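Below: one structure, written as structure tokens.
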Amino acid sequence: MKLSSRIPFRLALKQTPEQRSSSIDTYQRTMLHSNLLRLVARGGPKRLMSTATKLTTVEVNDKTGIATLTMNRPPVNSQNVQLLEDLQKSITEIENNKSRGLILTSAMSNVFSAGLDIHEMYNTNEERLRIVWTELQNAWIALYGSSLPTAAAINGHAPAGGCLLATACEYRVMVPNCRIGLNETQLGIIAPKWLMSGFLNVLPKRVAERALTQGRMFTTQEAFEVGLVDEIANSKEEALEKCSAFIGSFAKVNSLARGLTKLQFRAENIKEFEKIREKDVANFIALASRPEIQKDMGIYLENLKKKGKK
Ligand SMILES: CCCCC/C=C\C/C=C\CCC/C=C/C(=O)SCCNC(=O)CCNC(=O)[C@H](O)C(C)(C)COP(=O)(O)OP(=O)(O)OC[C@H]1O[C@@H](n2cnc3c(N)ncnc32)[C@H](O)[C@@H]1OP(=O)(O)O
């Protein structure tokens, strides 16, 4: 299956008859391929890899060779230092074990990830803030810069840092009635450029600019319509199957050529990020230490707690 051949019927209708018949033919082949993969994915024995991690698990499907990396930090997979470090360890392990691809998902029933753990940034010291931000940077670059095919099975809400992880992947499948987006401006903070890279990779610049300035949280349907997610699935299982089908689409492509091509597309963002990463840590510490930001964090946490008790 070629990525360029994934043309939905509604777009196929706008094409010439020749283009249309070729797209529909490719579409049917794609469906057949994805159904085959689904059968394999369902039947395939799963192997739990030996990750020395507390908050992530890695399961490899022996038949497809695809690894599923699951975040498991109840209640909302908020990203504390431990989760960010575990994500990196699991990504490295999946790469070293020569898996055919990586699917990122969540063990929570309605949340993919709530973003950075605000408790880790509240009432703390500069050294802790440095660690938090450095580990967020490290986790992002491990995922964004991986040469493996990557996909996110977004089985719940994905605000801020949750959206960051999802958009670091090459493909996204999301369950209905959830929200995804970079809501930083709504919180009175600014997402640095590298943090927007994945978002800018998948959305037209105009749409991305508007969404980022508004701090917009897209519903699943809206995210699909603008291209922030590639497909909608009715359940986590279906999302995992669709992600497997995406990764399976590279079965006949030379993996080295594929990986290097991917990295060429991402090289500029990665280079920019490497240039500013130290300065970016300093900027984050300065921002997060500001008394008014600390005050806002306290209020935000209180409101989240109150909402939870309702
Ligand atoms: C002003 C705050 C941020 C300040 C940051 C400062 C500087 C940073 C500079 C740049 C950073 C940009 C990069 C990334 C930033 C981030 O990721 S910030 C985090 C943004 N995340 C959010 O705004 C999401 C907040 N959470 C929610 O909207 C919801 O929890 C939900 C994810 C939609 C899930 O809803 P629901 O299932 O109903 O669960 P509850 O709301 O009831 O939550 C359950 C408990 O979890 C706690 N919690 C939720 N999110 C977080 C979080 N991000 N950090 C820590 N804790 C969180 C929530 O308080 C509940 O706790 P209790 O059970 O009540 O104790």
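Residues are referred to by chain and number: the chain letter is A, B, ... according to the order shown in the structure tokens, the number counts from 1 in that chain, and ligands are numbered separately from 1 in the order shown.
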Return as number ranges by chain every polymer residue, whether protein, DNA or RNA, with at least one atom no more than 7 Å from an atom of ligand 1; count only C-alpha atoms and all ligand atoms. A: 75-76, 78, 110-111, 113-119, 121, 157-162, 183-184, 187-191, 284, 287-288, 293, 296-297, 300-301, 304-309
Write out as an NGL selection string all residues of segment 133-177 of chain A that DSSP puts in alpha helix (DSSP H) for this structure's backbone. :A and (133-144 or 161-168)
Selection near Val207 of chain A, 12 Å with only C-alpha atoms, sequence-local residues under 5 positions removed, as a PDB file with N, CA and C atoms, in the first residue's frame:
ATOM      1  N   PHE A 199       3.128  19.215  14.942  1.00  0.00           N
ATOM      2  CA  PHE A 199       1.857  19.859  14.610  1.00  0.00           C
ATOM      3  C   PHE A 199       1.964  20.512  13.221  1.00  0.00           C
ATOM      4  N   LEU A 200       3.098  21.217  13.014  1.00  0.00           N
ATOM      5  CA  LEU A 200       3.320  21.903  11.734  1.00  0.00           C
ATOM      6  C   LEU A 200       3.592  20.910  10.601  1.00  0.00           C
ATOM      7  N   ASN A 201       4.079  19.725  10.944  1.00  0.00           N
ATOM      8  CA  ASN A 201       4.292  18.680   9.929  1.00  0.00           C
ATOM      9  C   ASN A 201       2.981  18.213   9.328  1.00  0.00           C
ATOM     10  N   VAL A 202       1.939  18.205  10.170  1.00  0.00           N
ATOM     11  CA  VAL A 202       0.706  17.561   9.705  1.00  0.00           C
ATOM     12  C   VAL A 202      -0.397  18.532   9.311  1.00  0.00           C
ATOM     13  N   LEU A 212      -2.910  27.192  17.101  1.00  0.00           N
ATOM     14  CA  LEU A 212      -1.944  27.454  18.179  1.00  0.00           C
ATOM     15  C   LEU A 212      -2.227  28.778  18.867  1.00  0.00           C
ATOM     16  N   THR A 213      -2.595  29.797  18.096  1.00  0.00           N
ATOM     17  CA  THR A 213      -2.865  31.086  18.736  1.00  0.00           C
ATOM     18  C   THR A 213      -4.157  31.016  19.560  1.00  0.00           C
ATOM     19  N   GLN A 214      -5.106  30.180  19.102  1.00  0.00           N
ATOM     20  CA  GLN A 214      -6.358  30.048  19.881  1.00  0.00           C
ATOM     21  C   GLN A 214      -6.205  29.056  21.034  1.00  0.00           C
ATOM     22  N   GLY A 215      -5.165  28.244  20.982  1.00  0.00           N
ATOM     23  CA  GLY A 215      -5.024  27.157  21.975  1.00  0.00           C
ATOM     24  C   GLY A 215      -6.146  26.155  21.796  1.00  0.00           C
ATOM     25  N   ARG A 216      -6.474  25.900  20.528  1.00  0.00           N
ATOM     26  CA  ARG A 216      -7.681  25.131  20.233  1.00  0.00           C
ATOM     27  C   ARG A 216      -7.543  23.633  20.515  1.00  0.00           C
ATOM     28  N   PHE A 218      -9.196  20.305  19.452  1.00  0.00           N
ATOM     29  CA  PHE A 218     -10.065  19.764  18.401  1.00  0.00           C
ATOM     30  C   PHE A 218     -10.816  18.537  18.912  1.00  0.00           C
ATOM     31  N   GLU A 222     -13.253  16.955  14.296  1.00  0.00           N
ATOM     32  CA  GLU A 222     -12.583  18.158  13.763  1.00  0.00           C
ATOM     33  C   GLU A 222     -11.116  17.852  13.428  1.00  0.00           C
ATOM     34  N   ALA A 223     -10.478  17.075  14.311  1.00  0.00           N
ATOM     35  CA  ALA A 223      -9.059  16.733  14.085  1.00  0.00           C
ATOM     36  C   ALA A 223      -8.909  15.938  12.791  1.00  0.00           C
ATOM     37  N   GLU A 225     -10.987  16.102  10.223  1.00  0.00           N
ATOM     38  CA  GLU A 225     -11.282  16.970   9.074  1.00  0.00           C
ATOM     39  C   GLU A 225     -10.096  17.856   8.686  1.00  0.00           C
ATOM     40  N   VAL A 226      -9.319  18.337   9.682  1.00  0.00           N
ATOM     41  CA  VAL A 226      -8.171  19.195   9.323  1.00  0.00           C
ATOM     42  C   VAL A 226      -6.902  18.378   9.037  1.00  0.00           C
ATOM     43  N   GLY A 227      -6.928  17.090   9.339  1.00  0.00           N
ATOM     44  CA  GLY A 227      -5.752  16.243   9.067  1.00  0.00           C
ATOM     45  C   GLY A 227      -4.828  16.062  10.262  1.00  0.00           C
ATOM     46  N   LEU A 228      -5.293  16.520  11.438  1.00  0.00           N
ATOM     47  CA  LEU A 228      -4.472  16.320  12.635  1.00  0.00           C
ATOM     48  C   LEU A 228      -4.447  14.837  13.015  1.00  0.00           C
TER      49      LEU A 228
END
Distance of atom CA of Ala208 of chain A from atom CA of Ile180 of chain A, expressed in Å to one decimal place: 13.0 Å
Within 12 Å of Glu268 of chain A, counting only C-alpha atoms, which residues show up once you throw out same-chain ones fewer than 5 positions away? Write them as a list of chain:residue names, please. A:Gly145, A:Trp194, A:Ser197, A:Asn201, A:Lys262, A:Leu263, A:Phe273, A:Glu274, A:Lys275
